[in-house]
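One file, structure_19.cif, carrying mmCIF, C-alpha atoms:
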```
data_coords
loop_
_atom_site.label_atom_id
_atom_site.label_comp_id
_atom_site.auth_asym_id
_atom_site.auth_seq_id
_atom_site.Cartn_x
_atom_site.Cartn_y
_atom_site.Cartn_z
CA MET T 1 77.10 -32.47 -29.53
CA ALA T 2 75.54 -29.01 -29.70
CA THR T 3 71.91 -28.59 -30.79
CA THR T 4 71.59 -26.16 -33.71
CA ILE T 5 69.05 -23.34 -33.33
CA THR T 6 67.70 -21.91 -36.61
CA ASN T 7 64.51 -19.98 -35.65
CA VAL T 8 62.90 -18.16 -32.75
CA THR T 9 60.63 -21.08 -31.85
CA GLU T 10 63.64 -23.34 -31.40
CA LEU T 11 65.29 -20.56 -29.41
CA GLN T 12 62.31 -20.42 -27.05
CA ALA T 13 62.43 -24.20 -26.65
CA ILE T 14 65.80 -23.96 -24.89
CA ASN T 15 63.62 -23.56 -21.78
CA ASP T 16 62.91 -27.29 -22.07
CA ASN T 17 66.56 -28.16 -21.39
CA LEU T 18 68.35 -25.42 -19.50
CA ALA T 19 71.58 -27.40 -19.13
CA GLY T 20 71.96 -28.08 -22.87
CA ASP T 21 74.64 -27.12 -25.39
CA TYR T 22 73.38 -24.93 -28.25
CA ILE T 23 74.71 -23.14 -31.33
CA LEU T 24 73.01 -20.69 -33.67
CA GLY T 25 72.89 -21.91 -37.26
CA ASN T 26 71.93 -18.59 -38.86
CA ASN T 27 70.57 -15.12 -38.13
CA ILE T 28 67.21 -15.28 -36.35
CA ASP T 29 64.32 -12.88 -36.97
CA ALA T 30 62.45 -12.63 -33.64
CA SER T 31 59.93 -9.96 -34.71
CA ALA T 32 57.06 -12.44 -34.35
CA THR T 33 57.58 -12.38 -30.56
CA SER T 34 55.66 -9.08 -30.38
CA GLY T 35 52.49 -11.15 -30.77
CA TRP T 36 53.43 -13.97 -28.41
CA ASN T 37 51.86 -14.70 -25.00
CA ASP T 38 49.01 -12.21 -25.37
CA GLY T 39 51.44 -9.35 -26.00
CA ALA T 40 53.94 -10.27 -23.25
CA GLY T 41 56.38 -11.41 -25.92
CA PHE T 42 59.28 -13.80 -25.56
CA ASP T 43 59.48 -15.90 -22.40
CA PRO T 44 63.04 -15.42 -21.08
CA ILE T 45 65.18 -18.56 -21.08
CA GLY T 46 65.54 -19.38 -17.40
CA SER T 47 63.50 -17.12 -15.18
CA GLY T 48 61.89 -16.47 -11.84
CA THR T 49 58.26 -17.45 -11.24
CA THR T 50 55.74 -17.17 -8.40
CA LEU T 51 52.81 -19.55 -8.09
CA HIS T 52 49.75 -18.83 -5.95
CA SER T 53 47.36 -21.32 -4.43
CA TYR T 54 44.54 -20.01 -2.29
CA SER T 55 41.47 -21.21 -0.50
CA ARG T 56 38.44 -19.49 0.94
CA PRO T 57 35.15 -20.70 2.45
CA GLU T 58 32.60 -21.19 -0.30
CA SER T 59 29.72 -23.10 1.29
CA ASP T 60 28.47 -24.61 4.52
CA ASP T 61 29.87 -28.01 3.65
CA PHE T 62 33.38 -26.54 3.23
CA GLY T 63 33.56 -27.38 -0.43
CA TYR T 64 34.92 -25.02 -3.06
CA ALA T 65 33.82 -23.66 -6.40
CA GLY T 66 36.38 -22.73 -9.00
CA GLN T 67 39.17 -22.14 -6.50
CA SER T 68 42.58 -23.81 -6.37
CA GLY T 69 42.10 -25.21 -2.87
CA SER T 70 39.45 -26.10 -0.33
CA TRP T 71 38.77 -25.30 3.29
CA THR T 72 39.53 -28.21 5.58
CA ILE T 73 38.21 -28.52 9.13
CA TYR T 74 41.20 -29.22 11.34
CA PRO T 75 41.03 -30.97 13.75
CA SER T 76 38.15 -32.99 12.37
CA ASP T 77 35.67 -32.00 15.08
CA GLY T 78 35.93 -28.37 13.98
CA VAL T 79 35.75 -26.95 17.49
CA PHE T 80 38.64 -24.56 16.98
CA TYR T 81 36.74 -22.04 14.89
CA ASP T 82 33.29 -21.11 13.70
CA LYS T 83 32.28 -20.46 10.08
CA VAL T 84 29.96 -17.49 9.56
CA ASP T 85 28.03 -16.35 6.47
CA GLU T 86 28.30 -12.62 5.85
CA GLU T 87 29.23 -10.18 3.10
CA THR T 88 32.77 -8.78 3.41
CA PRO T 89 34.40 -5.78 1.69
CA ASP T 90 36.22 -8.01 -0.83
CA ASP T 91 32.92 -9.62 -1.93
CA ASP T 92 33.62 -12.97 -0.29
CA SER T 93 30.33 -14.25 1.09
CA THR T 94 31.72 -16.31 3.95
CA TYR T 95 34.57 -16.37 6.39
CA ILE T 96 35.95 -18.19 9.40
CA GLN T 97 35.85 -16.45 12.75
CA ALA T 98 38.24 -17.50 15.51
CA VAL T 99 36.75 -16.66 18.89
CA THR T 100 39.20 -17.85 21.56
CA SER T 101 42.90 -17.55 22.18
CA GLY T 102 44.79 -20.36 20.47
CA SER T 103 42.09 -21.12 17.93
CA TYR T 104 43.20 -21.53 14.36
CA ALA T 105 42.18 -22.35 10.82
CA LEU T 106 44.36 -24.81 8.91
CA LEU T 107 43.82 -25.38 5.20
CA ALA T 108 44.92 -28.12 2.84
CA HIS T 109 45.45 -26.95 -0.74
CA ASP T 110 45.26 -28.54 -4.13
CA ALA T 111 48.93 -29.37 -4.64
CA THR T 112 48.57 -29.40 -8.43
CA ALA T 113 48.25 -25.60 -8.28
CA LEU T 114 51.79 -25.57 -6.87
CA ASP T 115 53.30 -27.91 -9.43
CA ILE T 116 56.89 -26.70 -9.81
CA PRO T 117 59.51 -28.21 -12.13
CA ASP T 118 62.17 -30.62 -10.88
CA ASP T 119 64.95 -28.19 -11.80
CA ALA T 120 63.55 -25.33 -9.69
CA THR T 121 66.08 -23.53 -7.48
CA ASP T 122 66.02 -20.68 -4.94
CA ILE T 123 62.61 -21.83 -3.67
CA THR T 124 60.81 -19.67 -1.12
CA VAL T 125 57.39 -20.25 0.40
CA ALA T 126 55.06 -17.80 2.08
CA ILE T 127 51.67 -17.86 3.79
CA ARG T 128 49.34 -14.94 3.25
CA ALA T 129 46.10 -14.36 5.11
CA ARG T 130 43.34 -11.81 4.60
CA VAL T 131 42.11 -10.99 8.09
CA ARG T 132 40.26 -8.52 10.26
CA ASN T 133 39.67 -8.13 13.99
CA VAL T 134 36.03 -7.26 14.70
CA ALA T 135 36.48 -6.71 18.44
CA SER T 136 37.80 -3.56 20.07
CA GLY T 137 41.54 -3.17 20.46
CA THR T 138 44.20 -5.21 18.69
CA SER T 139 44.49 -8.95 18.14
CA TYR T 140 47.56 -10.94 17.07
CA ILE T 141 47.91 -13.81 14.66
CA GLN T 142 50.74 -16.09 13.57
CA GLY T 143 51.35 -18.38 10.62
CA MET T 144 51.10 -22.15 11.08
CA VAL T 145 52.05 -25.16 8.95
CA ASN T 146 51.49 -28.88 9.28
CA ILE T 147 54.48 -30.97 8.22
CA ASN T 148 54.25 -34.76 8.55
CA GLY T 149 51.65 -34.40 11.28
CA THR T 150 53.68 -31.88 13.30
CA GLU T 151 52.51 -28.29 13.57
CA TYR T 152 55.03 -25.44 13.42
CA LEU T 153 54.44 -21.77 14.07
CA VAL T 154 55.90 -19.53 11.37
CA GLY T 155 57.41 -16.09 11.85
CA SER T 156 56.35 -13.63 14.52
CA ASN T 157 52.97 -12.43 15.74
CA LEU T 158 51.37 -9.78 13.54
CA ALA T 159 48.88 -7.20 14.76
CA VAL T 160 45.35 -7.19 13.35
CA SER T 161 43.26 -4.04 13.60
CA SER T 162 39.49 -3.75 13.61
CA GLU T 163 39.33 -1.05 10.94
CA SER T 164 39.53 -3.03 7.70
CA TYR T 165 40.57 -6.28 6.11
CA ALA T 166 44.32 -6.50 5.56
CA ASN T 167 46.81 -8.95 4.07
CA LYS T 168 49.33 -10.48 6.46
CA SER T 169 52.29 -12.54 5.29
CA TRP T 170 54.88 -14.93 6.72
CA THR T 171 57.84 -16.07 4.63
CA MET T 172 59.24 -19.54 5.29
CA ASN T 173 62.85 -19.67 4.17
CA ASP T 174 63.61 -23.13 5.54
CA TYR T 175 61.95 -26.54 5.69
CA PRO T 176 60.67 -27.28 8.25
CA PRO T 177 60.25 -23.61 9.21
CA MET T 178 62.42 -24.08 12.28
CA GLY T 179 65.81 -23.23 10.78
CA PHE T 180 66.72 -26.56 9.19
CA GLY T 181 67.63 -27.25 5.59
CA GLY T 182 66.07 -25.53 2.61
CA TRP T 183 63.04 -25.97 0.37
CA THR T 184 62.87 -28.74 -2.22
CA VAL T 185 60.24 -29.50 -4.85
CA GLY T 186 58.97 -32.42 -2.76
CA ASN T 187 58.69 -30.22 0.33
CA VAL T 188 56.37 -27.81 -1.46
CA PHE T 189 54.05 -30.61 -2.58
CA SER T 190 53.93 -32.09 0.93
CA LEU T 191 53.21 -28.74 2.53
CA ALA T 192 50.31 -28.00 0.19
CA VAL T 193 48.68 -31.33 1.03
CA ALA T 194 49.32 -31.10 4.77
CA GLY T 195 48.06 -27.56 5.23
CA VAL T 196 48.91 -23.97 6.07
CA GLY T 197 46.98 -21.67 8.31
CA VAL T 198 46.74 -18.94 10.90
CA LYS T 199 46.74 -19.21 14.70
CA VAL T 200 45.22 -16.53 16.91
CA SER T 201 47.30 -15.60 19.96
CA ASP T 202 45.11 -13.13 21.82
CA ALA T 203 42.81 -13.57 24.80
CA SER T 204 39.64 -12.50 22.99
CA PRO T 205 40.47 -12.21 19.33
CA ASP T 206 37.29 -12.26 17.23
CA VAL T 207 39.47 -12.56 14.14
CA ARG T 208 37.81 -13.13 10.78
CA ILE T 209 39.80 -14.89 8.05
CA THR T 210 38.42 -14.60 4.53
CA GLN T 211 41.29 -16.10 2.53
CA LEU T 212 44.49 -18.09 3.05
CA TYR T 213 47.18 -18.38 0.40
CA ILE T 214 50.36 -20.30 -0.27
CA ASP T 215 52.83 -18.40 -2.45
CA VAL T 216 55.77 -20.31 -3.94
CA ALA T 217 58.56 -18.44 -5.72
CA TYR T 218 61.37 -20.20 -7.54
CA LYS T 219 63.87 -19.79 -10.32
CA ARG T 220 64.99 -21.96 -13.22
CA LYS T 221 68.56 -21.28 -14.24
CA PHE T 222 70.19 -21.63 -17.63
CA SER T 223 73.46 -23.40 -16.88
CA GLY T 224 74.30 -24.61 -20.37
CA LYS T 225 76.16 -23.14 -23.32
CA LEU T 226 75.08 -20.96 -26.23
CA ASP T 227 77.50 -20.28 -29.08
CA GLY T 228 76.06 -17.54 -31.27
CA ALA T 229 78.61 -18.29 -33.99
CA GLU T 230 78.65 -14.53 -34.72
CA TYR T 231 74.97 -14.58 -35.76
CA THR T 232 72.32 -12.02 -34.81
CA ILE T 233 68.95 -12.34 -33.06
CA SER T 234 66.93 -9.32 -34.19
CA ASP T 235 63.75 -7.58 -32.98
CA LEU T 236 63.27 -9.58 -29.79
CA TYR T 237 60.22 -8.22 -27.93
CA ILE T 238 59.43 -8.54 -24.21
CA ASN T 239 56.66 -6.62 -22.45
CA ARG T 240 56.51 -7.80 -18.81
CA PRO T 241 56.37 -4.63 -16.70
CA THR T 242 55.59 -6.49 -13.46
CA GLU T 243 58.23 -9.21 -13.80
CA ASP T 244 61.94 -9.55 -12.93
CA ASP T 245 64.87 -11.41 -14.53
CA ILE T 246 64.24 -10.36 -18.12
CA GLY T 247 66.41 -10.78 -21.19
CA LEU T 248 67.08 -13.38 -23.86
CA PHE T 249 68.17 -15.24 -20.74
CA GLY T 250 66.31 -14.30 -17.58
CA TYR T 251 68.41 -16.12 -14.96
CA THR T 252 71.74 -17.85 -15.56
CA ASP T 253 74.19 -19.65 -13.29
CA GLY T 254 77.36 -21.30 -14.55
CA ALA T 255 76.51 -20.63 -18.19
CA THR T 256 78.82 -19.99 -21.12
CA ILE T 257 77.49 -17.52 -23.69
CA GLN T 258 79.58 -16.34 -26.62
CA GLY T 259 79.34 -14.75 -30.04
CA VAL T 260 75.71 -13.57 -29.74
CA THR T 261 74.32 -10.24 -30.97
CA ILE T 262 70.89 -9.02 -29.83
CA ALA T 263 69.85 -6.33 -32.32
CA ASN T 264 66.99 -3.84 -31.93
CA CYS T 265 65.53 -5.40 -28.78
CA ASN T 266 62.46 -3.79 -27.21
CA TYR T 267 61.90 -4.63 -23.52
CA THR T 268 59.58 -3.20 -20.89
CA ILE T 269 60.22 -4.80 -17.49
CA LEU T 270 60.34 -4.28 -13.72
CA ASP T 271 63.80 -5.20 -12.34
CA ASP T 272 66.92 -7.16 -13.36
CA ALA T 273 66.92 -6.78 -17.11
CA GLY T 274 69.50 -6.78 -19.87
CA ALA T 275 69.29 -7.40 -23.60
CA LEU T 276 71.24 -10.64 -23.15
CA VAL T 277 70.83 -11.62 -19.46
CA GLY T 278 68.62 -10.32 -16.67
CA GLU T 279 70.61 -11.87 -13.79
CA SER T 280 74.00 -13.46 -14.43
CA ASN T 281 75.76 -15.65 -11.84
CA ASN T 282 79.12 -17.39 -12.22
CA ASP T 283 78.99 -17.10 -16.01
CA THR T 284 81.50 -16.64 -18.81
CA ILE T 285 80.17 -14.15 -21.37
CA THR T 286 82.39 -13.34 -24.35
CA ASN T 287 82.02 -11.35 -27.59
CA CYS T 288 78.33 -10.54 -27.11
CA HIS T 289 76.66 -7.34 -28.29
CA SER T 290 73.31 -5.57 -28.11
CA SER T 291 71.24 -2.67 -29.44
CA GLY T 292 67.69 -1.40 -28.94
CA SER T 293 65.87 -0.06 -25.89
CA ILE T 294 65.07 -1.27 -22.36
CA THR T 295 62.72 0.49 -19.94
CA GLY T 296 62.16 -0.58 -16.35
CA ARG T 297 62.79 0.27 -12.70
CA SER T 298 66.04 -1.06 -11.19
CA TYR T 299 69.10 -3.16 -12.09
CA ILE T 300 68.88 -2.48 -15.80
CA GLY T 301 71.81 -2.77 -18.18
CA GLY T 302 72.20 -2.61 -21.91
CA LEU T 303 73.62 -6.15 -21.93
CA ILE T 304 73.18 -7.50 -18.37
CA GLY T 305 70.93 -6.31 -15.55
CA PHE T 306 72.70 -7.76 -12.52
CA SER T 307 75.97 -9.70 -12.68
CA ASN T 308 77.56 -11.71 -9.87
CA ASN T 309 81.00 -13.32 -10.07
CA SER T 310 80.97 -13.50 -13.86
CA ALA T 311 83.71 -12.98 -16.44
CA ILE T 312 82.62 -10.56 -19.17
CA SER T 313 84.97 -9.77 -22.04
CA ARG T 314 84.92 -8.22 -25.53
CA CYS T 315 81.23 -7.27 -25.16
CA SER T 316 79.40 -4.09 -26.13
CA SER T 317 76.01 -2.42 -26.04
CA SER T 318 74.34 0.52 -27.74
CA VAL T 319 71.00 -0.02 -25.99
CA LYS T 320 69.08 3.03 -24.75
CA VAL T 321 68.54 2.32 -21.05
CA SER T 322 65.83 4.01 -18.96
CA GLY T 323 65.00 3.28 -15.34
CA ASN T 324 64.72 4.65 -11.83
CA ASP T 325 68.06 3.56 -10.37
CA PHE T 326 70.96 1.13 -10.79
CA THR T 327 71.12 1.62 -14.54
CA GLY T 328 74.14 1.16 -16.79
CA GLY T 329 74.95 1.20 -20.47
CA LEU T 330 76.40 -2.33 -20.21
CA ILE T 331 75.53 -3.59 -16.69
CA GLY T 332 73.12 -2.23 -14.08
CA TRP T 333 74.97 -3.65 -11.04
CA SER T 334 78.05 -5.87 -11.03
CA TYR T 335 79.58 -7.67 -8.06
CA GLN T 336 82.99 -9.35 -8.00
CA CYS T 337 83.18 -9.55 -11.78
CA THR T 338 86.04 -9.26 -14.22
CA ILE T 339 85.09 -6.94 -17.07
CA SER T 340 87.58 -6.41 -19.87
CA GLN T 341 87.65 -4.93 -23.38
CA CYS T 342 84.00 -3.87 -23.18
CA PHE T 343 82.23 -0.66 -24.18
CA ALA T 344 78.80 0.97 -24.20
CA LYS T 345 77.44 3.66 -26.53
CA GLY T 346 73.79 3.92 -25.51
CA ASP T 347 72.31 6.81 -23.52
CA VAL T 348 71.45 6.01 -19.90
CA THR T 349 68.71 7.77 -17.97
CA GLY T 350 67.88 7.22 -14.30
CA THR T 351 65.01 9.18 -12.78
CA ASP T 352 66.54 8.70 -9.32
CA ASP T 353 70.13 7.60 -8.57
CA TYR T 354 73.03 5.42 -9.74
CA ALA T 355 73.33 5.80 -13.51
CA GLY T 356 76.58 4.99 -15.30
CA GLY T 357 77.62 5.02 -18.94
CA LEU T 358 79.09 1.52 -18.56
CA ILE T 359 77.98 0.29 -15.10
CA GLY T 360 75.51 1.69 -12.60
CA VAL T 361 77.08 0.20 -9.45
CA SER T 362 80.41 -1.64 -9.51
CA GLN T 363 81.24 -3.57 -6.33
CA GLU T 364 84.62 -5.29 -5.96
CA ASP T 365 85.12 -5.60 -9.72
CA ASP T 366 88.27 -5.68 -11.83
CA ILE T 367 87.69 -3.50 -14.91
CA ASP T 368 90.19 -2.89 -17.66
CA ASP T 369 90.33 -1.61 -21.23
CA CYS T 370 86.71 -0.39 -21.19
CA TYR T 371 84.96 2.81 -22.25
CA ALA T 372 81.56 4.48 -22.52
CA ARG T 373 80.34 7.09 -25.03
CA GLY T 374 76.66 7.49 -24.18
CA ASN T 375 75.09 10.47 -22.40
CA VAL T 376 74.17 9.80 -18.77
CA ALA T 377 71.60 11.58 -16.61
CA ALA T 378 70.18 10.97 -13.11
CA ASP T 379 69.70 12.82 -9.83
CA ARG T 380 72.60 11.53 -7.71
CA TYR T 381 75.56 9.22 -8.26
CA VAL T 382 76.03 9.77 -11.96
CA GLY T 383 79.18 8.76 -13.82
CA GLY T 384 80.29 8.77 -17.44
CA LEU T 385 81.76 5.30 -16.89
CA ILE T 386 80.54 4.15 -13.44
CA ALA T 387 78.02 5.78 -11.12
CA TYR T 388 79.15 4.22 -7.83
CA PHE T 389 82.41 2.27 -7.43
CA TYR T 390 83.23 0.54 -4.15
CA GLY T 391 84.33 -2.57 -2.33
CA ALA T 392 87.26 -4.17 -0.53
CA THR T 393 89.14 -5.00 -3.72
CA LYS T 394 88.65 -3.09 -6.92
CA THR T 395 90.65 -1.89 -9.92
CA ILE T 396 89.99 0.28 -12.97
CA ASP T 397 92.72 0.24 -15.59
CA ASN T 398 92.94 1.95 -18.99
CA CYS T 399 89.30 3.10 -19.12
CA TYR T 400 87.59 6.32 -20.26
CA SER T 401 84.26 7.96 -21.06
CA THR T 402 83.25 10.71 -23.48
CA GLY T 403 79.50 11.27 -23.06
CA ALA T 404 77.76 14.20 -21.36
CA VAL T 405 76.99 13.61 -17.68
CA THR T 406 74.09 15.38 -15.93
CA GLY T 407 73.05 15.21 -12.28
CA ASN T 408 72.53 17.15 -9.06
CA SER T 409 75.13 15.60 -6.77
CA ASP T 410 77.98 13.06 -6.83
CA VAL T 411 78.53 13.53 -10.53
CA GLY T 412 81.75 12.64 -12.39
CA GLY T 413 82.96 12.44 -15.93
CA LEU T 414 84.45 9.01 -15.16
CA ILE T 415 83.03 8.00 -11.75
CA GLY T 416 80.22 9.64 -9.83
CA TYR T 417 81.32 8.37 -6.42
CA SER T 418 84.21 6.13 -5.36
CA ASP T 419 84.35 4.64 -1.87
CA SER T 420 87.92 3.62 -1.15
#
```
Would you mind writing the structure in this file as structure tokens?
Amino acid sequence: MATTITNVTELQAINDNLAGDYILGNNIDASATSGWNDGAGFDPIGSGTTLHSYSRPESDDFGYAGQSGSWTIYPSDGVFYDKVDEETPDDDSTYIQAVTSGSYALLAHDATALDIPDDATDITVAIRARVRNVASGTSYIQGMVNINGTEYLVGSNLAVSSESYANKSWTMNDYPPMGFGGWTVGNVFSLAVAGVGVKVSDASPDVRITQLYIDVAYKRKFSGKLDGAEYTISDLYINRPTEDDIGLFGYTDGATIQGVTIANCNYTILDDAGALVGESNNDTITNCHSSGSITGRSYIGGLIGFSNNSAISRCSSSVKVSGNDFTGGLIGWSYQCTISQCFAKGDVTGTDDYAGGLIGVSQEDDIDDCYARGNVAADRYVGGLIAYFYGATKTIDNCYSTGAVTGNSDVGGLIGYSDS
């Protein structure tokens, strides 16, 4: 049985059960969200998040003060590196200095700082180190992890110069980082406890390490159902200019959304934003509508920012869309979608490329019975309906546009550029 949503607080609480079945019971005034989360506004339902846990030397006994992790001597005799007290440019008072080839610093972290929910998906893990070579020439370092007592080198060697402290990073896409499997919630916890670090692979390195980090990125997907019952959610506010996957729904996969109107939304974001959905995957979206304004960088649409393999029908948007590139009146970028009986009326402005009255970039889509009436402006690849249309299989049937189109190259009243 569907859970009835009657106010914006209950709407926000959908994040507690992303696989649930919901129905709106009335119109919802979301104007209060302008004061939520210290001005950041509504927290998108389903979203992407990055957690950071870092350690740095704080005292001679290798304890820590107010940090999320602690330095651990590894192996226990500590002969693999020396700890030195000295001021550094980033105001850290101490650091570890590796002095021979093959020496390394391995840190265990407080795993509670990397507490990710059981329903997390698309997990990626990275090591970041703040390092400097104080000898002449160039030294090289490599990431290292300890998994169940076995040490693995991560990624390739990275050069370290003697001029200034710099951040180096290794992304671990698999677990263990040797090409097997993929990350799970349990893996992340185990890794934090076991340790991450840096190994020096130079004959005479003199490498100083002031900080070591674990970064964990993941997404939580809305995979349930929302029936708007023809009701309206008005004045939804989101101000997250450094975040991705922004909308009423930030990240969806396998969801069914129908009969919802987002009226007078006001979003400021980074990438992947739409009034309804920031990133849509394998969804069915029917009879949904939007108005308001969205400002960001890339993959911005009046209704959906980025859409992959979704069926979108009888939807519309009159949102004013502003971004750098991949902007569209309805969808910023769509891939292998079916889009039918949809229209967009909002003006679309891209400071760079790929702006379309309906869709910014359409890749291998089937589009029929759609139109756009908004004015569109960008530098290159500008289309009244679609900016850039391409792919192995693609169709456009019974579609038109009427708005003014302005650009410097690859400009079209219907399509800016079509790659057949």
Open item on the list: When the PyMOL selection byres ((chain T and resi 272-283) around 8) is applied to the structure above, which residues does it catch, written out as a PyMOL selection string?
Closed with: chain T and resi 244-257+262+265+267+269-271+284-285+290-291+294+296+298-311+319+331-332
With segment 13-25 of chain T as the partner and 8 Å as the cut-off, tabulate the residues of segment 221-256 of chain T that qualify, each row holding the nearest pair of atoms and their distance in Å to one decimal, using all atoms listed in the file, sorted by chain and rising number, as JSON lines.
```
{"residue": "T:Lys221", "atom": "CA", "partner": "T:Leu18", "partner_atom": "CA", "distance": 6.7}
{"residue": "T:Phe222", "atom": "CA", "partner": "T:Leu18", "partner_atom": "CA", "distance": 4.6}
{"residue": "T:Ser223", "atom": "CA", "partner": "T:Ala19", "partner_atom": "CA", "distance": 5.0}
{"residue": "T:Gly224", "atom": "CA", "partner": "T:Ala19", "partner_atom": "CA", "distance": 4.1}
{"residue": "T:Lys225", "atom": "CA", "partner": "T:Asp21", "partner_atom": "CA", "distance": 4.7}
{"residue": "T:Leu226", "atom": "CA", "partner": "T:Tyr22", "partner_atom": "CA", "distance": 4.8}
{"residue": "T:Asp227", "atom": "CA", "partner": "T:Ile23", "partner_atom": "CA", "distance": 4.6}
{"residue": "T:Gly228", "atom": "CA", "partner": "T:Leu24", "partner_atom": "CA", "distance": 5.0}
{"residue": "T:Ala229", "atom": "CA", "partner": "T:Leu24", "partner_atom": "CA", "distance": 6.1}
{"residue": "T:Tyr231", "atom": "CA", "partner": "T:Leu24", "partner_atom": "CA", "distance": 6.7}
```
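If you look at atom CA of Asn408 of chain T and atom CA of Ala378 of chain T, they are 7.8 Å away from each other.
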TODO: Quick one: pull the distance between atom CA of Asp122 of chain T and atom CA of Ser169 of chain T, Å, one decimal.
DONE: 19.0 Å
TODO: Calculate how many Å separate atom CA of Phe42 of chain T from atom CA of Ala30 of chain T, rounding to one decimal.
DONE: 8.8 Å
Open item on the list: Once the PyMOL selection byres ((chain T and resi 148-155) around 12) has been evaluated on this model, what residues remain selected, and can you format them as an NGL selection string?
Closed with: :T and (74-75 or 102 or 104 or 106 or 125-128 or 141-147 or 156-158 or 168-179 or 187 or 189-201)
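You can rank T:Ile312, T:Ile123, T:Ala387, T:Val321 by their closest distance to Val348 of chain T using all atoms listed in the file, and at the top of that list sits T:Val321.
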Could you write out as a compact mmCIF listing (two decimals) with C-alpha atoms, in the frame of the given file the residues that the PyMOL selection byres ((chain T and resi 343) around 8) matches in the shown file?
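Saved file expr.txt follows:
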```
# COMPACT_ATOMS: atom_id res chain seq x y z
CA CYS T 315 81.23 -7.27 -25.16
CA SER T 316 79.40 -4.09 -26.13
CA SER T 317 76.01 -2.42 -26.04
CA LEU T 330 76.40 -2.33 -20.21
CA GLN T 341 87.65 -4.93 -23.38
CA CYS T 342 84.00 -3.87 -23.18
CA ALA T 344 78.80 0.97 -24.20
CA LYS T 345 77.44 3.66 -26.53
CA LEU T 358 79.09 1.52 -18.56
CA CYS T 370 86.71 -0.39 -21.19
CA TYR T 371 84.96 2.81 -22.25
CA ALA T 372 81.56 4.48 -22.52
```
Starting from 4 Å padding per side, set up an axis-aligned box that covers all listed atoms of segment 388-397 of chain T and hand over centre and edge lengths in Å, one decimal, as lines of an AutoDock Vina configuration file.
```
center_x = 85.9
center_y = -0.4
center_z = -8.1
size_x = 21.6
size_y = 17.2
size_z = 23.1
```
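You can rank T:Ser47, T:Ser313, T:Ser164, T:Asn287 by their closest distance to Ala217 of chain T using all atoms listed in the file, and at the top of that list sits T:Ser47.
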Task: Nearest to Val207 of chain T, chosen from T:Asn133, T:Gln12, T:Asn266, T:Ser318, with only C-alpha atoms counted in the distances - done: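 Ranking T:Asn133, T:Gln12, T:Asn266, T:Ser318 by distance to Val207 of chain T, first place goes to T:Asn133.
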- [ ] Compute the distance from (98.0, -1.4, -22.0) to each atom, counting all atoms listed in the file, keep the residues with any atom at most 10 Å away, and return them as a ChimeraX atom specification; use the coordinates of the file.
- [x] /T:368-369,397-398
Output C-alpha atoms of each residue in that selection to a file, as a PDB file, keeping the file's coordinate frame.
```pdb
ATOM      1  CA  ASP T 368      90.190  -2.890 -17.660  1.00  0.00           C
ATOM      2  CA  ASP T 369      90.330  -1.610 -21.230  1.00  0.00           C
ATOM      3  CA  ASP T 397      92.720   0.240 -15.590  1.00  0.00           C
ATOM      4  CA  ASN T 398      92.940   1.950 -18.990  1.00  0.00           C
TER       5      ASN T 398
END
```
